[in-house]
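Asker: One file is attached below, final17.cif, containing mmCIF, C-alpha atoms.
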data_coords
#
loop_
_atom_site.label_atom_id
_atom_site.label_comp_id
_atom_site.auth_asym_id
_atom_site.auth_seq_id
_atom_site.Cartn_x
_atom_site.Cartn_y
_atom_site.Cartn_z
CA MET A 359 68.97 120.99 120.17
CA GLU A 360 72.54 121.97 119.41
CA ASN A 361 74.63 119.71 117.21
CA LYS A 362 78.38 120.35 117.41
CA ILE A 363 80.45 119.39 114.37
CA GLN A 364 84.04 118.59 115.22
CA MET A 365 87.20 118.41 113.16
CA PRO A 366 87.08 114.78 112.01
CA LYS A 367 90.00 112.40 112.38
CA MET A 368 90.16 111.19 108.82
CA SER A 369 93.15 108.89 109.23
CA PRO A 370 94.88 107.32 112.22
CA SER A 371 97.84 109.69 111.86
CA MET A 372 95.83 112.91 111.41
CA GLU A 373 96.27 115.45 114.21
CA ALA A 374 94.83 118.59 112.66
CA GLY A 375 93.25 119.86 109.47
CA VAL A 376 93.12 123.24 107.78
CA LEU A 377 89.69 124.82 107.46
CA VAL A 378 89.95 126.06 103.88
CA ALA A 379 86.40 127.26 103.21
CA TRP A 380 83.01 127.86 104.72
CA ASN A 381 80.17 126.92 102.36
CA LYS A 382 77.43 128.40 104.55
CA GLU A 383 76.98 131.72 106.35
CA LEU A 384 76.05 132.39 109.98
CA GLU A 385 72.30 131.98 110.59
CA GLU A 386 71.88 130.33 107.20
CA PRO A 387 69.55 127.29 107.07
CA VAL A 388 71.29 123.99 106.25
CA ARG A 389 69.95 120.63 105.22
CA GLU A 390 71.42 117.26 106.16
CA GLY A 391 74.03 116.22 103.60
CA GLU A 392 74.78 119.76 102.39
CA VAL A 393 78.42 120.82 102.48
CA LEU A 394 79.09 122.91 105.55
CA PHE A 395 82.82 123.53 105.29
CA GLU A 396 85.96 122.20 103.61
CA VAL A 397 89.00 120.74 105.32
CA GLU A 398 92.37 120.22 103.72
CA THR A 399 94.29 117.12 104.77
CA ASP A 400 97.63 115.92 103.44
CA LYS A 401 95.92 114.01 100.65
CA VAL A 402 92.75 115.83 99.67
CA VAL A 403 90.20 118.52 100.43
CA CYS A 404 87.19 117.01 102.22
CA GLU A 405 83.75 118.55 101.92
CA ILE A 406 82.24 118.06 105.37
CA GLU A 407 78.52 117.39 105.16
CA ALA A 408 75.96 118.64 107.68
CA PRO A 409 74.72 115.79 109.90
CA CYS A 410 71.20 117.26 110.34
CA ASP A 411 68.75 119.94 109.22
CA GLY A 412 68.94 123.26 111.08
CA VAL A 413 70.54 126.68 111.16
CA LEU A 414 74.27 127.37 111.29
CA ALA A 415 74.44 128.90 114.76
CA GLU A 416 78.20 129.15 115.36
CA MET A 417 81.31 129.29 113.20
CA CYS A 418 84.16 128.63 115.63
CA TYR A 419 87.08 129.14 113.24
CA SER A 420 87.97 131.25 110.22
CA GLU A 421 89.10 130.16 106.79
CA GLY A 422 92.81 129.36 106.89
CA ASP A 423 92.81 128.22 110.53
CA ARG A 424 94.52 124.99 111.47
CA VAL A 425 92.12 123.09 113.73
CA LYS A 426 93.02 120.18 116.00
CA VAL A 427 91.12 116.91 115.60
CA GLY A 428 88.12 116.87 117.94
CA GLU A 429 87.76 120.66 118.28
CA THR A 430 84.30 122.01 117.50
CA VAL A 431 84.26 123.78 114.14
CA ALA A 432 80.56 124.52 113.76
CA VAL A 433 77.35 124.38 115.75
CA ILE A 434 74.03 123.69 114.09
CA GLN A 435 70.83 124.56 115.90
CA GLU A 436 68.70 121.56 114.94
CA ARG A 437 65.09 121.83 113.90
CA MET B 332 98.92 122.02 92.72
CA GLU B 333 95.27 122.03 93.70
CA LYS B 334 94.08 119.08 95.73
CA ILE B 335 91.18 116.85 94.72
CA LYS B 336 87.85 117.45 96.53
CA VAL B 337 85.92 114.58 98.09
CA ALA B 338 82.78 114.27 100.20
CA TYR B 339 82.95 113.34 103.88
CA ASN B 340 79.98 112.30 105.97
CA GLN B 341 80.75 111.79 109.64
CA LYS B 342 77.59 109.81 110.35
CA SER B 343 78.41 107.14 107.76
CA VAL B 344 82.00 106.96 108.97
CA ASP B 345 80.86 106.54 112.60
CA GLN B 346 78.38 103.82 111.66
CA MET B 347 81.04 101.84 109.78
CA ALA B 348 83.59 102.39 112.56
CA ALA B 349 81.14 101.02 115.14
CA ILE B 350 80.59 97.82 113.15
CA MET B 351 84.33 97.34 112.65
CA ALA B 352 85.16 97.99 116.31
CA GLN B 353 82.47 95.62 117.51
CA LEU B 354 83.89 92.80 115.38
CA ASN B 355 87.52 93.74 115.91
CA LEU B 356 88.12 94.36 112.20
CA ASN B 357 90.22 96.86 110.25
CA THR B 358 89.52 98.57 106.96
CA VAL B 359 92.16 99.75 104.54
CA CYS B 360 89.82 102.67 103.86
CA ARG B 361 90.68 104.15 107.22
CA GLU B 362 94.26 102.94 107.62
CA ALA B 363 95.20 104.34 104.22
CA ASN B 364 93.08 107.49 104.59
CA CYS B 365 91.31 106.66 101.35
CA PRO B 366 89.76 109.64 99.55
CA ASN B 367 86.69 107.56 98.66
CA MET B 368 85.84 106.63 102.23
CA GLY B 369 82.98 109.14 102.39
CA GLU B 370 81.36 107.82 99.22
CA CYS B 371 81.88 104.12 99.91
CA TYR B 372 80.80 104.25 103.57
CA LYS B 373 77.66 106.13 102.59
CA LYS B 374 76.90 103.24 100.24
CA LYS B 375 77.73 100.82 103.07
CA THR B 376 80.73 99.25 101.40
CA ALA B 377 84.26 98.91 102.75
CA THR B 378 87.47 97.05 102.03
CA PHE B 379 88.57 94.86 104.89
CA MET B 380 92.23 94.68 105.87
CA ILE B 381 93.10 91.46 107.63
CA MET B 382 96.00 90.23 109.76
CA GLY B 383 96.35 93.41 111.79
CA SER B 384 97.11 97.04 111.05
CA GLN B 385 100.92 96.83 111.23
CA CYS B 386 102.79 96.03 108.03
CA THR B 387 106.19 94.34 107.84
CA ARG B 388 107.17 96.38 104.79
CA ASN B 389 107.71 100.08 104.50
CA CYS B 390 106.62 101.10 101.01
CA ARG B 391 107.17 104.78 100.41
CA PHE B 392 103.70 105.50 99.00
CA CYS B 393 101.60 103.74 101.61
CA ASN B 394 99.94 105.19 104.71
CA VAL B 395 99.61 101.85 106.51
CA ILE B 396 101.90 101.78 109.54
CA ASN B 397 105.12 99.79 109.39
CA GLY B 398 105.67 98.03 112.68
CA ARG B 399 105.79 94.83 114.65
CA PRO B 400 103.04 92.58 113.34
CA GLN B 401 100.26 91.42 115.64
CA ASN B 402 99.27 87.82 116.34
CA LEU B 403 96.64 86.53 113.95
CA ASP B 404 93.11 86.73 115.36
CA PRO B 405 91.59 83.25 114.99
CA ASN B 406 88.11 84.82 115.12
CA GLU B 407 88.82 87.20 112.26
CA PRO B 408 87.47 84.98 109.44
CA GLU B 409 84.15 84.45 111.22
CA ASN B 410 83.90 88.09 112.34
CA LEU B 411 84.53 89.28 108.82
CA ALA B 412 81.90 86.92 107.45
CA GLN B 413 79.47 88.40 109.98
CA ALA B 414 80.31 91.95 108.94
CA VAL B 415 79.62 91.02 105.31
CA GLU B 416 76.21 89.76 106.39
CA LYS B 417 75.50 92.83 108.53
CA LEU B 418 76.42 95.23 105.76
CA ASN B 419 74.49 93.12 103.28
CA LEU B 420 77.39 93.20 100.81
CA SER B 421 77.11 91.33 97.54
CA HIS B 422 80.79 91.73 96.67
CA VAL B 423 83.57 91.80 99.25
CA VAL B 424 87.11 93.05 98.84
CA VAL B 425 89.64 91.74 101.34
CA THR B 426 93.21 92.93 101.52
CA SER B 427 95.93 92.64 104.13
CA VAL B 428 99.11 94.07 105.42
CA THR B 429 102.22 92.28 104.15
CA ARG B 430 103.25 89.57 106.59
CA ASP B 431 106.80 88.61 105.71
CA ASP B 432 107.10 87.27 109.27
CA LEU B 433 104.70 84.40 108.56
CA PRO B 434 106.14 81.40 106.70
CA ASP B 435 103.16 81.30 104.33
CA GLY B 436 102.85 85.10 104.05
CA GLY B 437 99.38 84.82 105.58
CA ALA B 438 98.00 82.60 102.80
CA ALA B 439 96.26 80.14 105.12
CA HIS B 440 94.54 82.98 106.94
CA PHE B 441 93.43 84.49 103.63
CA ALA B 442 91.96 81.11 102.68
CA LYS B 443 90.10 80.84 105.99
CA VAL B 444 88.62 84.29 105.50
CA ILE B 445 87.43 83.50 101.96
CA GLU B 446 85.91 80.20 103.11
CA ALA B 447 84.18 81.77 106.11
CA ILE B 448 82.65 84.52 103.97
CA LYS B 449 81.34 82.01 101.43
CA ARG B 450 80.03 79.63 104.05
CA ARG B 451 77.96 82.33 105.71
CA ASN B 452 77.09 84.27 102.54
CA PRO B 453 76.90 81.72 99.69
CA ASP B 454 75.92 84.25 97.00
CA VAL B 455 78.61 86.77 97.80
CA THR B 456 81.52 87.18 95.40
CA VAL B 457 84.97 87.62 96.92
CA GLU B 458 87.91 89.62 95.66
CA VAL B 459 91.24 89.39 97.43
CA LEU B 460 94.01 91.92 97.06
CA ILE B 461 97.05 89.99 98.17
CA PRO B 462 100.67 90.86 98.92
CA ASP B 463 103.29 89.07 96.82
CA MET B 464 103.72 86.32 99.48
CA LYS B 465 107.33 86.33 98.29
CA GLY B 466 106.06 84.68 95.11
CA ASP B 467 105.86 81.31 96.86
CA PRO B 468 103.68 78.94 94.78
CA ALA B 469 102.66 76.92 97.87
CA SER B 470 101.24 80.06 99.48
CA LEU B 471 99.50 81.19 96.32
CA ASP B 472 98.02 77.67 95.93
CA MET B 473 96.31 78.02 99.32
CA VAL B 474 94.61 81.25 98.28
CA ILE B 475 93.64 79.82 94.89
CA ALA B 476 92.16 76.69 96.50
CA ALA B 477 89.72 78.84 98.50
CA LYS B 478 88.26 79.94 95.14
CA PRO B 479 87.84 83.69 95.33
CA GLU B 480 86.26 85.14 92.17
CA VAL B 481 89.05 87.70 91.74
CA ILE B 482 92.69 87.69 92.79
CA ASN B 483 94.31 91.09 92.65
CA HIS B 484 97.94 91.84 93.16
CA ASN B 485 98.99 95.41 92.52
CA ILE B 486 102.09 96.23 90.49
CA GLU B 487 101.69 99.75 91.99
CA THR B 488 104.12 101.61 89.71
CA VAL B 489 106.32 101.32 86.62
CA ALA B 490 109.46 99.16 86.78
CA ASP B 491 111.88 102.09 86.84
CA LEU B 492 110.32 103.59 89.97
CA TYR B 493 110.41 100.45 92.13
CA GLU B 494 113.54 101.48 93.99
CA GLN B 495 111.96 104.78 95.06
CA VAL B 496 108.40 103.57 95.65
CA ARG B 497 108.48 99.86 96.59
CA PRO B 498 112.07 99.16 97.63
CA GLU B 499 111.25 95.84 99.28
CA ALA B 500 109.28 94.50 96.33
CA ASP B 501 110.28 93.29 92.90
CA TYR B 502 108.56 94.18 89.62
CA ARG B 503 109.18 90.77 88.07
CA ARG B 504 108.07 88.90 91.16
CA SER B 505 104.78 90.78 91.22
CA LEU B 506 104.20 89.93 87.56
CA ASP B 507 105.05 86.30 88.31
CA VAL B 508 102.34 86.23 91.02
CA LEU B 509 99.75 87.27 88.42
CA ALA B 510 101.08 84.80 85.86
CA TYR B 511 101.10 81.92 88.35
CA VAL B 512 97.49 82.51 89.41
CA LYS B 513 96.25 82.64 85.81
CA ARG B 514 98.23 79.55 84.82
CA THR B 515 97.04 77.56 87.84
CA ALA B 516 93.41 78.70 87.89
CA PRO B 517 92.34 80.20 84.55
CA ASP B 518 88.77 80.68 85.83
CA ILE B 519 89.79 83.11 88.54
CA LEU B 520 89.87 86.68 87.26
CA THR B 521 93.24 88.33 87.81
CA LYS B 522 93.59 92.01 88.42
CA THR B 523 96.32 94.55 88.93
CA GLY B 524 96.68 98.28 89.20
CA ILE B 525 99.07 101.17 89.35
CA MET B 526 99.24 104.65 90.77
CA VAL B 527 100.20 107.51 88.47
CA GLY B 528 101.57 110.95 89.19
CA LEU B 529 104.85 109.63 90.59
CA GLY B 530 106.88 110.85 87.62
CA GLU B 531 106.31 107.91 85.29
CA THR B 532 105.94 108.45 81.55
CA TYR B 533 102.96 107.52 79.38
CA GLN B 534 105.05 104.90 77.59
CA GLN B 535 106.14 103.32 80.87
CA VAL B 536 102.49 102.91 81.87
CA LEU B 537 101.73 101.21 78.55
CA GLN B 538 104.70 98.91 79.20
CA VAL B 539 103.18 97.83 82.54
CA MET B 540 99.94 97.08 80.69
CA ASP B 541 101.81 94.96 78.13
CA ASP B 542 103.66 93.10 80.87
CA ALA B 543 100.42 92.44 82.78
CA ARG B 544 98.69 91.24 79.62
CA ASP B 545 101.61 88.87 78.99
CA CYS B 546 100.70 87.33 82.35
CA GLY B 547 97.09 86.92 81.21
CA CYS B 548 95.83 89.64 83.54
CA ASP B 549 92.11 90.40 83.08
CA ILE B 550 91.45 93.67 84.91
CA PHE B 551 93.58 96.81 85.12
CA THR B 552 93.15 99.91 87.30
CA VAL B 553 94.89 103.27 87.12
CA GLY B 554 94.49 105.95 89.78
CA GLN B 555 96.09 109.17 90.93
CA TYR B 556 98.75 108.84 93.65
CA LEU B 557 97.98 111.08 96.62
CA GLN B 558 100.81 111.74 99.04
CA PRO B 559 99.81 110.72 102.59
CA SER B 560 102.37 113.00 104.27
CA GLU B 561 105.57 114.90 103.64
CA ALA B 562 107.55 111.84 104.70
CA HIS B 563 106.16 109.82 101.80
CA VAL B 564 107.40 109.67 98.21
CA SER B 565 106.65 112.97 96.46
CA LEU B 566 103.65 113.54 94.28
CA LYS B 567 105.07 114.78 90.97
CA GLU B 568 101.90 115.74 89.13
CA TYR B 569 98.14 115.49 88.92
CA ILE B 570 97.34 113.50 85.80
CA SER B 571 94.69 115.03 83.52
CA GLN B 572 91.35 113.37 82.84
CA GLU B 573 92.33 113.17 79.15
CA THR B 574 95.36 111.07 80.02
CA PHE B 575 93.28 108.81 82.29
CA ASP B 576 90.84 108.37 79.40
CA ALA B 577 93.72 107.56 77.07
CA TYR B 578 94.99 104.90 79.52
CA GLU B 579 91.54 103.37 79.64
CA LYS B 580 91.29 103.22 75.87
CA ALA B 581 94.80 101.77 75.57
CA GLY B 582 93.98 99.16 78.21
CA TYR B 583 90.96 97.90 76.30
CA GLU B 584 92.94 97.86 73.05
CA LYS B 585 95.54 95.69 74.73
CA GLY B 586 92.85 93.17 75.62
CA PHE B 587 91.99 93.71 79.27
CA ARG B 588 88.42 92.63 79.97
CA TYR B 589 87.85 95.59 82.26
CA VAL B 590 89.77 98.80 82.80
CA ALA B 591 89.10 101.49 85.39
CA SER B 592 91.13 104.66 85.00
CA GLY B 593 90.53 107.96 86.77
CA PRO B 594 91.89 110.22 89.48
CA LEU B 595 89.99 108.55 92.33
CA VAL B 596 90.12 104.99 91.04
CA ARG B 597 91.56 102.65 93.67
CA SER B 598 91.90 98.93 93.20
CA SER B 599 88.80 98.27 95.28
CA TYR B 600 86.78 101.32 94.21
CA ARG B 601 83.51 100.13 92.64
CA ALA B 602 85.22 96.77 92.27
CA GLN B 603 81.96 94.98 91.69
CA GLU B 604 81.47 96.76 88.37
CA ALA B 605 84.28 94.72 86.83
CA LEU B 606 82.62 91.50 87.88
CA VAL B 607 79.13 92.51 86.78
CA ASN B 608 80.58 93.59 83.47
CA GLU B 609 82.35 90.27 83.17
CA LYS B 610 79.20 88.27 83.91
CA GLU B 611 77.27 90.24 81.30
CA SER B 612 79.86 89.71 78.61
CA ALA B 613 80.01 86.01 79.50
CA LEU B 614 76.25 85.84 78.93
CA HIS B 615 76.64 87.56 75.57
CA ARG B 616 79.33 85.10 74.56
CA LYS B 617 77.03 82.14 75.24
#
Let's see the structure in the file written out as structure tokens.

Answerer:
Amino acid sequence: MENKIQMPKMSPSMEAGVLVAWNKELEEPVREGEVLFEVETDKVVCEIEAPCDGVLAEMCYSEGDRVKVGETVAVIQER
Amino acid sequence: MEKIKVAYNQKSVDQMAAIMAQLNLNTVCREANCPNMGECYKKKTATFMIMGSQCTRNCRFCNVINGRPQNLDPNEPENLAQAVEKLNLSHVVVTSVTRDDLPDGGAAHFAKVIEAIKRRNPDVTVEVLIPDMKGDPASLDMVIAAKPEVINHNIETVADLYEQVRPEADYRRSLDVLAYVKRTAPDILTKTGIMVGLGETYQQVLQVMDDARDCGCDIFTVGQYLQPSEAHVSLKEYISQETFDAYEKAGYEKGFRYVASGPLVRSSYRAQEALVNEKESALHRK
């Protein structure tokens, strides 16, 4: 099953976040709770944790991209 | 300046959001975009924000929205007490928006919330982080009478920065709130905290500590200010860990019973530790 990870809305006023780093590579296995990517908001840099075990199947944006809240950033193929 | 890194777990955030939505409750964690939300939600703790999500004041550091206040929800005390039960919390922190529109500043509602929590969860300890309620003793008496274990009122910054940071508040009035609570109910622990990184000096921070101690304040917190947006008061610097450590040491030397000082310390962050610490030292004193 595919699990899409979206740009989270971390505060009521947040509209977009900057994807500052990928912590995993394409096709790399990930475990639930591991940091998948980092997002910069006005206040901090958030380390977004993987919601499930699987393989990183899609990286929809590149480092430095500004991503709107709700847009899919990564897809994990669950196992 | 490099930003601080924090963990974020969407699943925990969604779980907490579902509970809050179901019971029509707000958290300051979300409204203020707290950097510790990931950690606290994962541990199933949150700080409730009562009396709506619109604040009647417009402090320059705060992410909570300034707007027309909502009507008080008469079910809020009971709903909050239920959430405490659901989350199985042993210590609850309740804060609010400032309600200058209400004659009692929201004191009666605060009291109802404290009473409802304790009725439903008799072993739970309650900490309230209150606005200044315009320093009105009658309002403060209502909160005191509900017997929370801790009353916190944040000084927020050094006296010289009030104009820039908290233009609608008053340094002396905030100190007077702390002094009044301690004078009226010596058994209730009083607590205050400030943000640093707004351009204050080390000496000015020590002065706040002295002023708070003069009001008999028991617990002191120091945390890094993080700027919610470009429209907010500017972040001047990230304070070093060494300086946070020095503040902690100074705080204990000045006689606070508990001091929490660090970049991600917020007034409600790991709030229970202060109380556990206090209970242990009380046992040792016996």

Asker: Give the answer as one residue: which of A:Cys418, A:Ile363, A:Val425, A:Met368 has the shortest atom-to-atom distance to Leu394 of chain A, using only C-alpha atoms?

Answerer: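 So, comparing all the options, the nearest one is A:Ile363.
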
Asker: Please check the contacts: residues of chain A at most 7 Å away from chain B, using all atoms listed in the file, listed as number ranges by chain.

Answerer: A: 368-370, 400-407, 409

Asker: Taking 6 positions as the minimum chain separation for residues in the same chain, which residues sit within 6 Å of Phe395 of chain A when counting all atoms listed in the file? Answer as a PyMOL selection string.

Answerer: chain A and resi 379-381+406

Asker: For the PyMOL selection byres ((chain B and resi 567-569) around 10), applied here, can you spell out every residue it catches as a ChimeraX atom specification?

Answerer: /B:332-335,527-531,555-558,564-566,570-572,594

Asker: Quick one: distance from atom CA of Ala374 of chain A to atom CA of Val427 of chain A in Å, one decimal?

Answerer: 5.0 Å

Asker: Quick one: residues within 9 Å of Met417 of chain A, only C-alpha atoms counted, chain neighbours fewer than 4 positions away excluded, as a list in words?

Answerer: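 Here the qualifying residues turn out to be Trp380, Glu383, Leu384, Thr430, Val431, Ala432 and Val433 of chain A.
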
Asker: State, in Å with one decimal place, the distance from atom CA of Asp491 of chain B to atom CA of Gly524 of chain B.

Answerer: 15.8 Å

Asker: Could you expand the PyMOL selection byres ((chain B and resi 488) around 12) into the explicit residues it covers here, written as an MDAnalysis selection string?

Answerer: chainID B and resid 390:392 485:487 489:498 500:502 505:506 523:533 535:540 552:556

Asker: Find the residues around Thr521 of chain B up to 10 Å (only C-alpha atoms counted), leave out those fewer than 6 positions away in its own chain, and share them as a list in words.

Answerer: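 The residues satisfying every condition are Glu458, Val459, Leu460, Glu480, Val481, Ile482, Asn483, His484, Val508, Leu509, Ala510, Val512, Lys513, Ala543, Cys546, Gly547, Cys548, Asp549, Ile550 and Phe551 of chain B.
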
Asker: From the set A:Glu421, A:Glu416, A:Arg437, A:Glu386, which residue has the shortest atom-to-atom contact distance to Lys362 of chain A, counting all atoms listed in the file?

Answerer: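 Closest residue, counting all atoms listed in the file: A:Glu416.
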
Asker: Pick the closest to Met382 of chain B from B:Thr429, B:Glu416, B:Val423, B:Arg544: which is it, counting only C-alpha atoms?

Answerer: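 Of B:Thr429, B:Glu416, B:Val423, B:Arg544, the one nearest Met382 of chain B is B:Thr429, counting only C-alpha atoms.
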
Asker: When distances are computed from only C-alpha atoms, which of B:Leu356, B:Glu573, B:Val428, B:Tyr589 shows the smallest separation from Leu606 of chain B?

Answerer: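 The closest residue to Leu606 of chain B is B:Tyr589.
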
Asker: What is the atom CA of Asp542 of chain B to atom CA of Val359 of chain B distance in Å?

Answerer: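 Going from atom CA of Asp542 of chain B over to atom CA of Val359 of chain B, I get 27.1 Å.
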
Asker: Which neighbours of Ala414 of chain B fall inside 12 Å, counting only C-alpha atoms, when residues of the same chain fewer than 4 positions from it are skipped, and could you give them as an MDAnalysis selection string?

Answerer: chainID B and resid 347:358 375:379 407:410 418:421 423 444 447:448 451:452

Asker: Those residues with C-alpha atoms, as a compact mmCIF listing (two decimals), in the coordinates of the input please?

Answerer:
# COMPACT_ATOMS: atom_id res chain seq x y z
CA MET B 347 81.04 101.84 109.78
CA ALA B 348 83.59 102.39 112.56
CA ALA B 349 81.14 101.02 115.14
CA ILE B 350 80.59 97.82 113.15
CA MET B 351 84.33 97.34 112.65
CA ALA B 352 85.16 97.99 116.31
CA GLN B 353 82.47 95.62 117.51
CA LEU B 354 83.89 92.80 115.38
CA ASN B 355 87.52 93.74 115.91
CA LEU B 356 88.12 94.36 112.20
CA ASN B 357 90.22 96.86 110.25
CA THR B 358 89.52 98.57 106.96
CA LYS B 375 77.73 100.82 103.07
CA THR B 376 80.73 99.25 101.40
CA ALA B 377 84.26 98.91 102.75
CA THR B 378 87.47 97.05 102.03
CA PHE B 379 88.57 94.86 104.89
CA GLU B 407 88.82 87.20 112.26
CA PRO B 408 87.47 84.98 109.44
CA GLU B 409 84.15 84.45 111.22
CA ASN B 410 83.90 88.09 112.34
CA LEU B 418 76.42 95.23 105.76
CA ASN B 419 74.49 93.12 103.28
CA LEU B 420 77.39 93.20 100.81
CA SER B 421 77.11 91.33 97.54
CA VAL B 423 83.57 91.80 99.25
CA VAL B 444 88.62 84.29 105.50
CA ALA B 447 84.18 81.77 106.11
CA ILE B 448 82.65 84.52 103.97
CA ARG B 451 77.96 82.33 105.71
CA ASN B 452 77.09 84.27 102.54

Asker: Between A:Glu390, A:Asp411, A:Asp423, A:Glu360, single out the one closest to Val376 of chain A, counting only C-alpha atoms.

Answerer: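 Smallest separation from Val376 of chain A among the options: A:Asp423.
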
Asker: From the list A:Asn361, A:Glu396, A:Met372, A:Pro366, which residue is nearest Ser420 of chain A when using only C-alpha atoms?

Answerer: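 Selected residue with least distance to Ser420 of chain A: A:Glu396.
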
Asker: Neighbours of Gly436 of chain B within 9 Å (all atoms listed in the file; same-chain residues fewer than 6 positions away dropped), as a count of residues only?

Answerer: 8

Asker: Would you kindly translate the PyMOL selection byres ((chain A and resi 412) around 8) into the concrete residues it picks from this file, as a list in words?

Answerer: Pro387, Val388, Arg389, Cys410, Asp411, Val413, Leu414, Ile434, Gln435, Glu436 and Arg437 of chain A
